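Next comes protein35.txt, a file with compact mmCIF, C-alpha atoms (C1' of nucleotides).
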# COMPACT_ATOMS: atom_id res chain seq x y z
CA MET A 1 -31.82 76.17 174.97
CA ASN A 2 -31.73 79.29 172.85
CA ILE A 3 -34.16 79.72 170.02
CA SER A 4 -31.73 78.50 167.39
CA GLN A 5 -31.02 75.38 169.41
CA ALA A 6 -34.72 74.74 169.80
CA ALA A 7 -35.03 75.31 166.05
CA ALA A 8 -32.33 72.76 165.31
CA ALA A 9 -33.80 70.28 167.75
CA SER A 10 -37.36 70.62 166.45
CA GLY A 11 -36.88 71.25 162.77
CA VAL A 12 -38.89 74.48 162.99
CA SER A 13 -37.07 77.66 161.97
CA ALA A 14 -36.40 80.30 164.62
CA LYS A 15 -38.46 82.66 162.52
CA MET A 16 -41.45 80.37 162.65
CA ILE A 17 -41.05 79.65 166.36
CA ARG A 18 -41.41 83.37 167.04
CA HIS A 19 -44.32 83.50 164.68
CA TYR A 20 -46.13 80.61 166.37
CA GLU A 21 -45.63 82.38 169.65
CA ALA A 22 -46.98 85.64 168.23
CA ILE A 23 -50.20 84.03 167.00
CA GLY A 24 -50.63 82.21 170.29
CA LEU A 25 -50.13 78.71 168.92
CA VAL A 26 -47.36 77.93 171.38
CA GLN A 27 -46.83 79.31 174.87
CA LYS A 28 -44.46 82.18 175.47
CA PRO A 29 -41.26 80.69 176.83
CA ARG A 30 -39.54 82.24 179.80
CA ARG A 31 -36.82 84.76 179.13
CA SER A 32 -33.20 84.90 180.24
CA SER A 33 -31.84 87.97 182.00
CA ALA A 34 -30.88 89.34 178.59
CA ASN A 35 -34.42 88.82 177.32
CA TYR A 36 -33.49 85.74 175.30
CA ARG A 37 -36.16 83.10 174.86
CA VAL A 38 -35.32 79.96 176.83
CA TYR A 39 -36.70 76.57 175.76
CA GLY A 40 -36.84 73.17 177.37
CA GLU A 41 -37.45 69.66 176.08
CA ALA A 42 -41.20 70.01 176.48
CA ASP A 43 -41.22 73.06 174.22
CA VAL A 44 -39.22 71.24 171.60
CA HIS A 45 -41.70 68.40 171.80
CA VAL A 46 -44.55 70.78 171.08
CA LEU A 47 -42.66 72.29 168.18
CA ARG A 48 -42.04 68.87 166.71
CA PHE A 49 -45.75 68.19 167.00
CA VAL A 50 -46.52 71.36 165.10
CA ARG A 51 -44.04 70.53 162.40
CA ALA A 52 -45.41 67.01 161.98
CA ALA A 53 -48.92 68.42 161.68
CA ARG A 54 -47.82 71.00 159.13
CA GLU A 55 -46.23 68.27 157.09
CA LEU A 56 -49.58 66.53 157.01
CA GLY A 57 -51.16 69.68 155.65
CA PHE A 58 -53.13 70.85 158.68
CA SER A 59 -53.83 74.57 158.94
CA MET A 60 -52.62 76.55 161.91
CA GLY A 61 -56.15 76.66 163.27
CA GLN A 62 -56.45 72.90 163.10
CA ILE A 63 -53.06 72.50 164.67
CA GLY A 64 -54.22 74.65 167.56
CA GLU A 65 -57.14 72.29 168.08
CA LEU A 66 -54.90 69.24 167.75
CA LEU A 67 -52.56 70.67 170.36
CA ASP A 68 -55.44 71.20 172.75
CA LEU A 69 -56.58 67.62 172.25
CA TRP A 70 -53.05 66.35 172.63
CA ARG A 71 -52.66 68.13 175.95
CA ASP A 72 -56.04 66.97 177.21
CA ARG A 73 -55.52 63.47 178.53
CA ARG A 74 -59.30 63.01 178.77
CA ARG A 75 -60.02 63.84 175.11
CA PRO A 76 -62.41 61.55 173.32
CA SER A 77 -60.58 60.14 170.33
CA ARG A 78 -63.78 60.86 168.39
CA LYS A 79 -62.85 64.53 168.31
CA VAL A 80 -59.42 63.81 166.93
CA LYS A 81 -60.82 61.52 164.29
CA ALA A 82 -63.47 64.06 163.30
CA LEU A 83 -60.84 66.71 162.81
CA VAL A 84 -58.68 64.41 160.74
CA THR A 85 -61.62 63.28 158.66
CA ALA A 86 -62.56 66.86 157.88
CA HIS A 87 -59.01 67.50 156.77
CA LEU A 88 -59.09 64.37 154.63
CA ARG A 89 -62.22 65.64 152.86
CA GLU A 90 -60.43 68.90 152.18
CA LEU A 91 -57.37 67.09 150.84
CA GLU A 92 -59.59 65.04 148.56
CA ARG A 93 -61.26 68.19 147.31
CA ARG A 94 -57.93 69.78 146.48
CA ILE A 95 -56.61 66.65 144.85
CA ALA A 96 -59.71 66.41 142.66
CA GLU A 97 -59.33 70.05 141.69
CA LEU A 98 -55.72 69.59 140.66
CA GLN A 99 -56.53 66.33 138.89
CA ALA A 100 -59.17 68.09 136.83
CA MET A 101 -56.67 70.75 135.77
CA LYS A 102 -54.15 68.08 134.96
CA SER A 103 -56.53 66.06 132.81
CA THR A 104 -57.63 69.08 130.82
CA LEU A 105 -54.07 70.22 130.25
CA GLU A 106 -52.93 66.77 129.25
CA GLN A 107 -55.68 66.59 126.67
CA LEU A 108 -54.76 69.96 125.25
CA ALA A 109 -51.02 69.33 125.31
CA HIS A 110 -51.53 66.02 123.60
CA HIS A 111 -53.08 67.78 120.62
CA CYS A 112 -50.49 70.54 120.47
CA HIS A 113 -47.79 69.86 117.88
CA GLY A 114 -45.07 71.49 119.92
CA ASP A 115 -43.04 72.52 116.89
CA ASP A 116 -42.43 75.71 114.90
CA ARG A 117 -46.01 76.04 113.78
CA PRO A 118 -48.06 78.65 115.64
CA ASP A 119 -51.39 76.89 115.88
CA CYS A 120 -52.04 75.33 119.23
CA PRO A 121 -55.25 74.08 120.82
CA ILE A 122 -54.10 75.27 124.20
CA LEU A 123 -54.21 78.92 123.25
CA GLU A 124 -57.37 78.39 121.28
CA ARG A 125 -59.05 76.96 124.31
CA LEU A 126 -57.85 79.72 126.61
CA GLY A 127 -58.94 82.29 124.05
CA GLY A 128 -62.53 81.18 124.41
CA GLY A 129 -62.42 78.42 121.87
CA ALA A 130 -64.42 76.11 124.09
CA MET B 1 -68.28 99.23 128.99
CA ASN B 2 -67.65 100.20 132.59
CA ILE B 3 -65.49 98.03 134.78
CA SER B 4 -68.43 96.22 136.34
CA GLN B 5 -69.86 95.45 132.93
CA ALA B 6 -66.50 94.12 131.80
CA ALA B 7 -66.40 92.12 135.01
CA ALA B 8 -69.80 90.60 134.34
CA ALA B 9 -68.90 89.88 130.73
CA SER B 10 -65.57 88.27 131.55
CA GLY B 11 -66.21 86.59 134.86
CA VAL B 12 -63.30 88.46 136.44
CA SER B 13 -64.17 90.67 139.42
CA ALA B 14 -63.74 94.41 139.07
CA LYS B 15 -61.28 94.22 141.92
CA MET B 16 -59.12 91.75 140.06
CA ILE B 17 -59.36 93.65 136.78
CA ARG B 18 -57.82 96.67 138.50
CA HIS B 19 -55.25 94.42 140.09
CA TYR B 20 -54.25 92.84 136.78
CA GLU B 21 -53.85 96.31 135.39
CA ALA B 22 -51.72 97.39 138.34
CA ILE B 23 -49.30 94.50 137.94
CA GLY B 24 -49.09 95.08 134.20
CA LEU B 25 -50.77 91.84 133.19
CA VAL B 26 -53.38 93.63 131.10
CA GLN B 27 -53.11 96.96 129.32
CA LYS B 28 -54.45 100.11 130.88
CA PRO B 29 -57.80 100.85 129.27
CA ARG B 30 -58.66 104.34 128.09
CA ARG B 31 -60.55 106.55 130.50
CA SER B 32 -63.83 108.42 130.13
CA SER B 33 -64.03 112.14 130.83
CA ALA B 34 -64.91 111.27 134.42
CA ASN B 35 -61.79 109.09 134.70
CA TYR B 36 -63.81 105.88 134.48
CA ARG B 37 -62.11 102.89 132.86
CA VAL B 38 -63.65 102.09 129.48
CA TYR B 39 -63.45 98.55 128.09
CA GLY B 40 -64.17 97.03 124.71
CA GLU B 41 -64.81 93.52 123.46
CA ALA B 42 -61.09 92.89 122.95
CA ASP B 43 -60.37 93.71 126.59
CA VAL B 44 -63.09 91.35 127.72
CA HIS B 45 -61.59 88.68 125.52
CA VAL B 46 -58.24 89.10 127.23
CA LEU B 47 -59.87 88.95 130.64
CA ARG B 48 -61.64 85.76 129.74
CA PHE B 49 -58.30 84.33 128.66
CA VAL B 50 -56.82 85.22 132.02
CA ARG B 51 -59.70 83.67 133.88
CA ALA B 52 -59.52 80.46 131.88
CA ALA B 53 -55.79 80.23 132.57
CA ARG B 54 -56.32 80.84 136.29
CA GLU B 55 -58.88 78.07 136.35
CA LEU B 56 -56.26 75.75 134.96
CA GLY B 57 -53.94 76.72 137.80
CA PHE B 58 -51.40 78.85 135.96
CA SER B 59 -49.56 81.48 137.99
CA MET B 60 -49.79 85.13 137.04
CA GLY B 61 -46.27 84.98 135.67
CA GLN B 62 -47.16 82.07 133.44
CA ILE B 63 -50.33 83.79 132.34
CA GLY B 64 -48.27 86.79 131.30
CA GLU B 65 -46.17 84.52 129.13
CA LEU B 66 -49.23 82.80 127.74
CA LEU B 67 -50.74 86.15 126.85
CA ASP B 68 -47.57 87.16 125.03
CA LEU B 69 -47.63 83.92 123.07
CA TRP B 70 -51.33 84.32 122.35
CA ARG B 71 -50.79 87.77 120.94
CA ASP B 72 -47.79 86.70 118.85
CA ARG B 73 -49.20 85.17 115.71
CA ARG B 74 -45.74 83.83 114.83
CA ARG B 75 -45.21 81.95 118.11
CA PRO B 76 -43.84 78.44 117.81
CA SER B 77 -46.33 76.09 119.46
CA ARG B 78 -43.30 74.46 121.05
CA LYS B 79 -43.07 77.33 123.50
CA VAL B 80 -46.68 76.98 124.50
CA LYS B 81 -46.34 73.29 124.98
CA ALA B 82 -43.17 73.68 127.03
CA LEU B 83 -44.91 76.09 129.35
CA VAL B 84 -47.88 73.80 129.75
CA THR B 85 -45.66 70.80 130.33
CA ALA B 86 -43.78 72.60 133.07
CA HIS B 87 -47.07 73.44 134.71
CA LEU B 88 -48.18 69.84 134.41
CA ARG B 89 -45.03 68.69 136.21
CA GLU B 90 -45.82 71.15 138.99
CA LEU B 91 -49.40 69.93 139.22
CA GLU B 92 -48.19 66.38 139.45
CA ARG B 93 -45.78 67.34 142.18
CA ARG B 94 -48.54 68.96 144.20
CA ILE B 95 -50.92 66.08 143.65
CA ALA B 96 -48.31 63.60 144.84
CA GLU B 97 -47.66 65.72 147.91
CA LEU B 98 -51.35 65.83 148.81
CA GLN B 99 -51.75 62.13 148.06
CA ALA B 100 -48.94 61.32 150.45
CA MET B 101 -50.61 63.31 153.20
CA LYS B 102 -53.91 61.65 152.45
CA SER B 103 -52.48 58.13 152.60
CA THR B 104 -50.76 58.74 155.88
CA LEU B 105 -53.84 60.27 157.44
CA GLU B 106 -56.06 57.51 156.19
CA GLN B 107 -53.81 54.93 157.79
CA LEU B 108 -53.82 56.76 161.08
CA ALA B 109 -57.54 57.49 161.04
CA HIS B 110 -58.23 53.87 160.26
CA HIS B 111 -56.56 52.81 163.49
CA CYS B 112 -58.21 55.48 165.62
CA HIS B 113 -61.24 54.20 167.49
CA GLY B 114 -63.08 57.46 167.25
CA ASP B 115 -65.05 56.96 170.43
CA ASP B 116 -64.87 58.19 174.03
CA ARG B 117 -61.53 56.64 174.73
CA PRO B 118 -58.60 59.06 174.68
CA ASP B 119 -55.93 56.94 173.04
CA CYS B 120 -55.42 57.72 169.41
CA PRO B 121 -52.59 56.82 167.03
CA ILE B 122 -52.95 60.15 165.26
CA LEU B 123 -51.88 62.16 168.29
CA GLU B 124 -49.24 59.59 169.13
CA ARG B 125 -47.76 59.91 165.70
CA LEU B 126 -47.79 63.71 165.78
CA GLY B 127 -46.28 63.65 169.22
CA GLY B 128 -43.19 61.95 167.90
CA GLY B 129 -44.42 58.41 168.30
CA ALA B 130 -43.06 57.43 164.92
C1' DC C 1 -82.45 118.10 143.24
C1' DT C 2 -82.07 114.04 145.72
C1' DT C 3 -81.06 109.30 145.97
C1' DG C 4 -78.92 105.17 144.89
C1' DA C 5 -75.71 102.86 142.24
C1' DC C 6 -71.87 103.31 140.24
C1' DC C 7 -66.78 104.86 139.82
C1' DT C 8 -61.97 106.28 141.64
C1' DT C 9 -57.73 105.55 144.75
C1' DC C 10 -55.73 103.88 148.93
C1' DC C 11 -54.99 100.90 152.82
C1' DC C 12 -55.56 96.49 155.16
C1' DA C 13 -56.25 91.36 155.62
C1' DT C 14 -55.71 86.58 154.50
C1' DG C 15 -51.78 82.03 155.49
C1' DA C 16 -47.26 80.41 156.08
C1' DT C 17 -42.95 81.66 155.29
C1' DG C 18 -38.74 84.21 154.63
C1' DG C 19 -35.49 88.47 154.19
C1' DG C 20 -33.31 91.98 156.31
C1' DA C 21 -32.30 96.18 159.21
C1' DA C 22 -31.02 98.23 163.68
C1' DG C 23 -29.47 97.49 168.01
C1' DG C 24 -28.20 94.52 172.18
C1' DT C 25 -25.65 90.28 174.20
C1' DA C 26 -22.74 86.06 174.91
C1' DA C 27 -18.83 83.33 174.28
C1' DA C 28 -14.33 82.46 172.44
C1' DG C 29 -9.78 83.80 171.11
C1' DA C 30 -5.68 87.28 171.33
C1' DT D 1 -9.30 92.91 179.01
C1' DC D 2 -10.59 93.71 174.43
C1' DT D 3 -12.22 92.36 170.08
C1' DT D 4 -14.56 89.61 167.08
C1' DT D 5 -18.06 86.64 165.81
C1' DA D 6 -22.20 84.65 166.36
C1' DC D 7 -26.22 85.00 168.26
C1' DC D 8 -30.37 87.41 170.20
C1' DT D 9 -34.24 91.03 170.16
C1' DT D 10 -38.13 93.72 167.70
C1' DC D 11 -40.00 95.67 163.62
C1' DC D 12 -41.10 96.16 158.81
C1' DC D 13 -41.59 94.28 154.19
C1' DA D 14 -42.43 90.64 150.53
C1' DT D 15 -44.57 86.70 148.62
C1' DC D 16 -49.50 85.14 145.76
C1' DA D 17 -54.27 85.88 144.48
C1' DT D 18 -58.03 87.68 146.37
C1' DG D 19 -61.38 90.40 148.89
C1' DG D 20 -63.12 94.14 152.31
C1' DG D 21 -63.90 98.64 153.12
C1' DA D 22 -63.30 103.79 153.56
C1' DA D 23 -63.40 108.42 151.51
C1' DG D 24 -64.63 111.02 147.89
C1' DG D 25 -66.33 111.84 142.95
C1' DT D 26 -69.99 110.88 139.16
C1' DC D 27 -74.09 109.43 136.66
C1' DA D 28 -78.96 108.30 135.90
C1' DA D 29 -83.56 107.94 137.31
C1' DG D 30 -87.28 109.55 140.12

Please render this file's structure as structure tokens.
Amino acid sequence: MNISQAAAASGVSAKMIRHYEAIGLVQKPRRSSANYRVYGEADVHVLRFVRAARELGFSMGQIGELLDLWRDRRRPSRKVKALVTAHLRELERRIAELQAMKSTLEQLAHHCHGDDRPDCPILERLGGGA
Amino acid sequence: MNISQAAAASGVSAKMIRHYEAIGLVQKPRRSSANYRVYGEADVHVLRFVRAARELGFSMGQIGELLDLWRDRRRPSRKVKALVTAHLRELERRIAELQAMKSTLEQLAHHCHGDDRPDCPILERLGGGA
DNA sequence: CTTGACCTTCCCATGATGGGAAGGTAAAGA
DNA sequence: TCTTTACCTTCCCATCATGGGAAGGTCAAG
């Protein structure tokens, strides 16, 4: 498989496949005589793993750890769970942060007329009004 | 006021004050004879506005628009509200995205033993098991 | 006059992703 | 066989908001 075929098969763009290789997340594939990257099913499997992990919001560093655990058939599932739990805490933190912004903005927007008049509690608040 | 004093007074780092100036978000302040930036209360007020908007998650582009509206005493509050509403939609989108990740991970983590055994639904799922 | 704490500009890094240029190669049609 | 098209390679740049740090100038206090 060429890189674009591996991209199509894995759902990871060719650009990102090269990038993952550059940062050492995935192994360097062997090269054809013309220096083309050559991929097999196993490589595509790894790429799909990476994509699935990205979709769940894991960072590249965490994905590296997950890949190591995945490849290690003797891993204790405790390690996997710990990693996932840490990520969950982070997700909760970010959700709470966004929720706080949302609540504040909803309050302010609720009290803004939204018509031709210039007065608006949103600007007043941003301008130090609270 | 020097830049570090303006930074302390506004809560925006000196580094970011220079950056905001470079991207045209805030006006260039006048310079002292030694080429030092000199700030007044009005500048600090603007910087505080920017900081407050950042804390509510607005992008720099949106903050530029908000600043324009803030400075325009004839603005229709409709424009402010529209901008805020658009940002709220974006916040909701991001929250939903993170919530989806969180739910999935919670499900998976719930079914992972988290002990010395190697089998783990999290890795199975990432590895294409679903 | 020295020292320490400022200031200036400039470059680099983050994290994940994409755009695009310049140059080489493979496969299909004429 | 030649040409075209579609792909490959590496390399640089951009995003967005933020910070680190170097090299060199300036100010205030001891």

Quiz item: When you draw a straight line from CA of Met1 (chain B) to CA of Gly40 (chain B), how long is it in Å?
Solution: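 So the answer is 6.3 Å.
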
Quiz prompt | For region 8-13 of chain C: contacts at 10 Å, all atoms listed in the file, fewer than 6 positions along chain excluded, given as a PyMOL selection string | solution = (chain B and resi 34-37) or (chain D and resi 19-26)

Exercise. At a cut-off of 8 Å, list the chain A residues touching chain B, using only C-alpha atoms, as number ranges by chain.
Key: A: 45-46, 48-50, 52-53, 55-57, 66, 70, 73-82, 84-85, 88, 91-92, 95, 98-99, 101-102, 104-106, 109, 112-120, 122-123, 126-128

Least-squares fit of chain A onto chain B (C-alpha, ordered pairing) as a PDB file with C-alpha atoms, in the coordinates of the input:
ATOM      1  CA  MET A   1     -68.241  99.233 128.982  1.00  0.00           C
ATOM      2  CA  ASN A   2     -67.620 100.186 132.580  1.00  0.00           C
ATOM      3  CA  ILE A   3     -65.497  97.999 134.773  1.00  0.00           C
ATOM      4  CA  SER A   4     -68.454  96.208 136.310  1.00  0.00           C
ATOM      5  CA  GLN A   5     -69.844  95.433 132.877  1.00  0.00           C
ATOM      6  CA  ALA A   6     -66.488  94.102 131.773  1.00  0.00           C
ATOM      7  CA  ALA A   7     -66.433  92.079 134.996  1.00  0.00           C
ATOM      8  CA  ALA A   8     -69.839  90.591 134.270  1.00  0.00           C
ATOM      9  CA  ALA A   9     -68.925  89.884 130.674  1.00  0.00           C
ATOM     10  CA  SER A  10     -65.592  88.246 131.505  1.00  0.00           C
ATOM     11  CA  GLY A  11     -66.260  86.548 134.797  1.00  0.00           C
ATOM     12  CA  VAL A  12     -63.360  88.409 136.425  1.00  0.00           C
ATOM     13  CA  SER A  13     -64.240  90.613 139.397  1.00  0.00           C
ATOM     14  CA  ALA A  14     -63.791  94.372 139.068  1.00  0.00           C
ATOM     15  CA  LYS A  15     -61.360  94.143 141.942  1.00  0.00           C
ATOM     16  CA  MET A  16     -59.201  91.673 140.086  1.00  0.00           C
ATOM     17  CA  ILE A  17     -59.391  93.590 136.810  1.00  0.00           C
ATOM     18  CA  ARG A  18     -57.857  96.589 138.568  1.00  0.00           C
ATOM     19  CA  HIS A  19     -55.319  94.334 140.158  1.00  0.00           C
ATOM     20  CA  TYR A  20     -54.288  92.760 136.849  1.00  0.00           C
ATOM     21  CA  GLU A  21     -53.871  96.234 135.471  1.00  0.00           C
ATOM     22  CA  ALA A  22     -51.767  97.292 138.458  1.00  0.00           C
ATOM     23  CA  ILE A  23     -49.335  94.395 138.054  1.00  0.00           C
ATOM     24  CA  GLY A  24     -49.115  95.007 134.326  1.00  0.00           C
ATOM     25  CA  LEU A  25     -50.791  91.779 133.255  1.00  0.00           C
ATOM     26  CA  VAL A  26     -53.381  93.586 131.167  1.00  0.00           C
ATOM     27  CA  GLN A  27     -53.086  96.919 129.386  1.00  0.00           C
ATOM     28  CA  LYS A  28     -54.403 100.075 130.972  1.00  0.00           C
ATOM     29  CA  PRO A  29     -57.734 100.813 129.338  1.00  0.00           C
ATOM     30  CA  ARG A  30     -58.573 104.302 128.195  1.00  0.00           C
ATOM     31  CA  ARG A  31     -60.466 106.519 130.583  1.00  0.00           C
ATOM     32  CA  SER A  32     -63.732 108.402 130.206  1.00  0.00           C
ATOM     33  CA  SER A  33     -63.905 112.123 130.909  1.00  0.00           C
ATOM     34  CA  ALA A  34     -64.775 111.271 134.507  1.00  0.00           C
ATOM     35  CA  ASN A  35     -61.717 109.038 134.779  1.00  0.00           C
ATOM     36  CA  TYR A  36     -63.745 105.836 134.520  1.00  0.00           C
ATOM     37  CA  ARG A  37     -62.057 102.855 132.921  1.00  0.00           C
ATOM     38  CA  VAL A  38     -63.582 102.074 129.529  1.00  0.00           C
ATOM     39  CA  TYR A  39     -63.410  98.546 128.090  1.00  0.00           C
ATOM     40  CA  GLY A  40     -64.124  97.058 124.706  1.00  0.00           C
ATOM     41  CA  GLU A  41     -64.742  93.539 123.446  1.00  0.00           C
ATOM     42  CA  ALA A  42     -61.041  92.912 122.947  1.00  0.00           C
ATOM     43  CA  ASP A  43     -60.352  93.695 126.598  1.00  0.00           C
ATOM     44  CA  VAL A  44     -63.080  91.349 127.706  1.00  0.00           C
ATOM     45  CA  HIS A  45     -61.563  88.680 125.508  1.00  0.00           C
ATOM     46  CA  VAL A  46     -58.226  89.089 127.241  1.00  0.00           C
ATOM     47  CA  LEU A  47     -59.880  88.936 130.632  1.00  0.00           C
ATOM     48  CA  ARG A  48     -61.656  85.739 129.702  1.00  0.00           C
ATOM     49  CA  PHE A  49     -58.314  84.313 128.649  1.00  0.00           C
ATOM     50  CA  VAL A  50     -56.839  85.181 132.014  1.00  0.00           C
ATOM     51  CA  ARG A  51     -59.733  83.644 133.854  1.00  0.00           C
ATOM     52  CA  ALA A  52     -59.540  80.431 131.832  1.00  0.00           C
ATOM     53  CA  ALA A  53     -55.823  80.205 132.563  1.00  0.00           C
ATOM     54  CA  ARG A  54     -56.368  80.804 136.266  1.00  0.00           C
ATOM     55  CA  GLU A  55     -58.919  78.041 136.312  1.00  0.00           C
ATOM     56  CA  LEU A  56     -56.277  75.728 134.923  1.00  0.00           C
ATOM     57  CA  GLY A  57     -53.981  76.675 137.770  1.00  0.00           C
ATOM     58  CA  PHE A  58     -51.432  78.817 135.942  1.00  0.00           C
ATOM     59  CA  SER A  59     -49.622  81.451 137.987  1.00  0.00           C
ATOM     60  CA  MET A  60     -49.848  85.097 137.058  1.00  0.00           C
ATOM     61  CA  GLY A  61     -46.322  84.963 135.690  1.00  0.00           C
ATOM     62  CA  GLN A  62     -47.187  82.055 133.442  1.00  0.00           C
ATOM     63  CA  ILE A  63     -50.347  83.767 132.347  1.00  0.00           C
ATOM     64  CA  GLY A  64     -48.285  86.772 131.327  1.00  0.00           C
ATOM     65  CA  GLU A  65     -46.172  84.517 129.134  1.00  0.00           C
ATOM     66  CA  LEU A  66     -49.247  82.786 127.728  1.00  0.00           C
ATOM     67  CA  LEU A  67     -50.749  86.150 126.857  1.00  0.00           C
ATOM     68  CA  ASP A  68     -47.599  87.158 125.026  1.00  0.00           C
ATOM     69  CA  LEU A  69     -47.650  83.921 123.053  1.00  0.00           C
ATOM     70  CA  TRP A  70     -51.335  84.305 122.351  1.00  0.00           C
ATOM     71  CA  ARG A  71     -50.806  87.778 120.936  1.00  0.00           C
ATOM     72  CA  ASP A  72     -47.815  86.711 118.869  1.00  0.00           C
ATOM     73  CA  ARG A  73     -49.216  85.168 115.720  1.00  0.00           C
ATOM     74  CA  ARG A  74     -45.746  83.849 114.835  1.00  0.00           C
ATOM     75  CA  ARG A  75     -45.215  81.946 118.106  1.00  0.00           C
ATOM     76  CA  PRO A  76     -43.835  78.459 117.801  1.00  0.00           C
ATOM     77  CA  SER A  77     -46.320  76.126 119.433  1.00  0.00           C
ATOM     78  CA  ARG A  78     -43.284  74.472 121.035  1.00  0.00           C
ATOM     79  CA  LYS A  79     -43.070  77.348 123.489  1.00  0.00           C
ATOM     80  CA  VAL A  80     -46.687  76.999 124.481  1.00  0.00           C
ATOM     81  CA  LYS A  81     -46.338  73.279 124.941  1.00  0.00           C
ATOM     82  CA  ALA A  82     -43.172  73.695 127.004  1.00  0.00           C
ATOM     83  CA  LEU A  83     -44.920  76.091 129.324  1.00  0.00           C
ATOM     84  CA  VAL A  84     -47.885  73.790 129.724  1.00  0.00           C
ATOM     85  CA  THR A  85     -45.666  70.793 130.307  1.00  0.00           C
ATOM     86  CA  ALA A  86     -43.785  72.604 133.044  1.00  0.00           C
ATOM     87  CA  HIS A  87     -47.077  73.441 134.688  1.00  0.00           C
ATOM     88  CA  LEU A  88     -48.176  69.824 134.381  1.00  0.00           C
ATOM     89  CA  ARG A  89     -45.023  68.693 136.202  1.00  0.00           C
ATOM     90  CA  GLU A  90     -45.813  71.157 138.958  1.00  0.00           C
ATOM     91  CA  LEU A  91     -49.403  69.937 139.198  1.00  0.00           C
ATOM     92  CA  GLU A  92     -48.165  66.367 139.440  1.00  0.00           C
ATOM     93  CA  ARG A  93     -45.772  67.356 142.192  1.00  0.00           C
ATOM     94  CA  ARG A  94     -48.540  68.986 144.189  1.00  0.00           C
ATOM     95  CA  ILE A  95     -50.910  66.109 143.639  1.00  0.00           C
ATOM     96  CA  ALA A  96     -48.285  63.636 144.846  1.00  0.00           C
ATOM     97  CA  GLU A  97     -47.656  65.769 147.910  1.00  0.00           C
ATOM     98  CA  LEU A  98     -51.328  65.881 148.813  1.00  0.00           C
ATOM     99  CA  GLN A  99     -51.734  62.182 148.059  1.00  0.00           C
ATOM    100  CA  ALA A 100     -48.929  61.371 150.464  1.00  0.00           C
ATOM    101  CA  MET A 101     -50.614  63.379 153.216  1.00  0.00           C
ATOM    102  CA  LYS A 102     -53.892  61.706 152.450  1.00  0.00           C
ATOM    103  CA  SER A 103     -52.480  58.192 152.593  1.00  0.00           C
ATOM    104  CA  THR A 104     -50.747  58.796 155.898  1.00  0.00           C
ATOM    105  CA  LEU A 105     -53.840  60.333 157.438  1.00  0.00           C
ATOM    106  CA  GLU A 106     -56.067  57.565 156.182  1.00  0.00           C
ATOM    107  CA  GLN A 107     -53.798  54.997 157.766  1.00  0.00           C
ATOM    108  CA  LEU A 108     -53.811  56.817 161.069  1.00  0.00           C
ATOM    109  CA  ALA A 109     -57.537  57.525 161.036  1.00  0.00           C
ATOM    110  CA  HIS A 110     -58.237  53.918 160.237  1.00  0.00           C
ATOM    111  CA  HIS A 111     -56.565  52.860 163.472  1.00  0.00           C
ATOM    112  CA  CYS A 112     -58.205  55.536 165.593  1.00  0.00           C
ATOM    113  CA  HIS A 113     -61.251  54.241 167.466  1.00  0.00           C
ATOM    114  CA  GLY A 114     -63.115  57.508 167.202  1.00  0.00           C
ATOM    115  CA  ASP A 115     -65.060  56.970 170.410  1.00  0.00           C
ATOM    116  CA  ASP A 116     -64.896  58.211 174.007  1.00  0.00           C
ATOM    117  CA  ARG A 117     -61.527  56.673 174.690  1.00  0.00           C
ATOM    118  CA  PRO A 118     -58.597  59.099 174.657  1.00  0.00           C
ATOM    119  CA  ASP A 119     -55.945  56.978 173.010  1.00  0.00           C
ATOM    120  CA  CYS A 120     -55.432  57.749 169.374  1.00  0.00           C
ATOM    121  CA  PRO A 121     -52.593  56.875 167.014  1.00  0.00           C
ATOM    122  CA  ILE A 122     -52.955  60.188 165.268  1.00  0.00           C
ATOM    123  CA  LEU A 123     -51.857  62.194 168.270  1.00  0.00           C
ATOM    124  CA  GLU A 124     -49.238  59.631 169.119  1.00  0.00           C
ATOM    125  CA  ARG A 125     -47.745  59.986 165.699  1.00  0.00           C
ATOM    126  CA  LEU A 126     -47.800  63.773 165.774  1.00  0.00           C
ATOM    127  CA  GLY A 127     -46.275  63.700 169.240  1.00  0.00           C
ATOM    128  CA  GLY A 128     -43.168  62.044 167.878  1.00  0.00           C
ATOM    129  CA  GLY A 129     -44.380  58.502 168.131  1.00  0.00           C
ATOM    130  CA  ALA A 130     -42.937  57.620 164.754  1.00  0.00           C
TER     131      ALA A 130
END

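Using only C-alpha atoms (C1' of nucleotides), one finds that the residues of chain D close to chain A, at 10 Å or less, are DC7, DC8 and DT9 of chain D.
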
Practice problem: Compare A:Gly11, A:Ser33, A:Gln62, A:Ala6 by their minimum atom-to-atom distance to DA26 (chain C), counting only C-alpha atoms (C1' of nucleotides), and give me the closest one. | Solution: A:Ser33

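Proximity of B:Gln5, B:Ser10, B:Ser59, B:Gln107 to chain C, computed with only C-alpha atoms (C1' of nucleotides), is greatest for B:Gln5.
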
Practice problem: Mind giving me the straight-line distance from CA of Gly24 (chain B) to CA of Val44 (chain B) in Å, one decimal? | Solution: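 These atoms are spaced 15.9 Å apart.
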
Exercise. Mind giving me the straight-line distance from C1' of DT4 (chain D) to C1' of DA30 (chain C) in Å, one decimal?
Key: 10.1 Å

Write out, as a Markdown table, each residue of chain C that has an atom at most 12 Å from chain A, together with the closest pair of atoms and their distance in Å to one decimal, counting only C-alpha atoms (C1' of nucleotides), rows going by chain and rising number.
| residue | atom | partner | partner_atom | distance |
| --- | --- | --- | --- | --- |
| C:DG15 | C1' | A:Ser59 | CA | 8.5 |
| C:DA16 | C1' | A:Met16 | CA | 8.8 |
| C:DT17 | C1' | A:Met16 | CA | 7.6 |
| C:DG18 | C1' | A:Lys15 | CA | 8.0 |
| C:DG19 | C1' | A:Lys15 | CA | 10.6 |
| C:DG24 | C1' | A:Ala34 | CA | 8.7 |
| C:DT25 | C1' | A:Ala34 | CA | 6.9 |
| C:DA26 | C1' | A:Ala34 | CA | 9.5 |
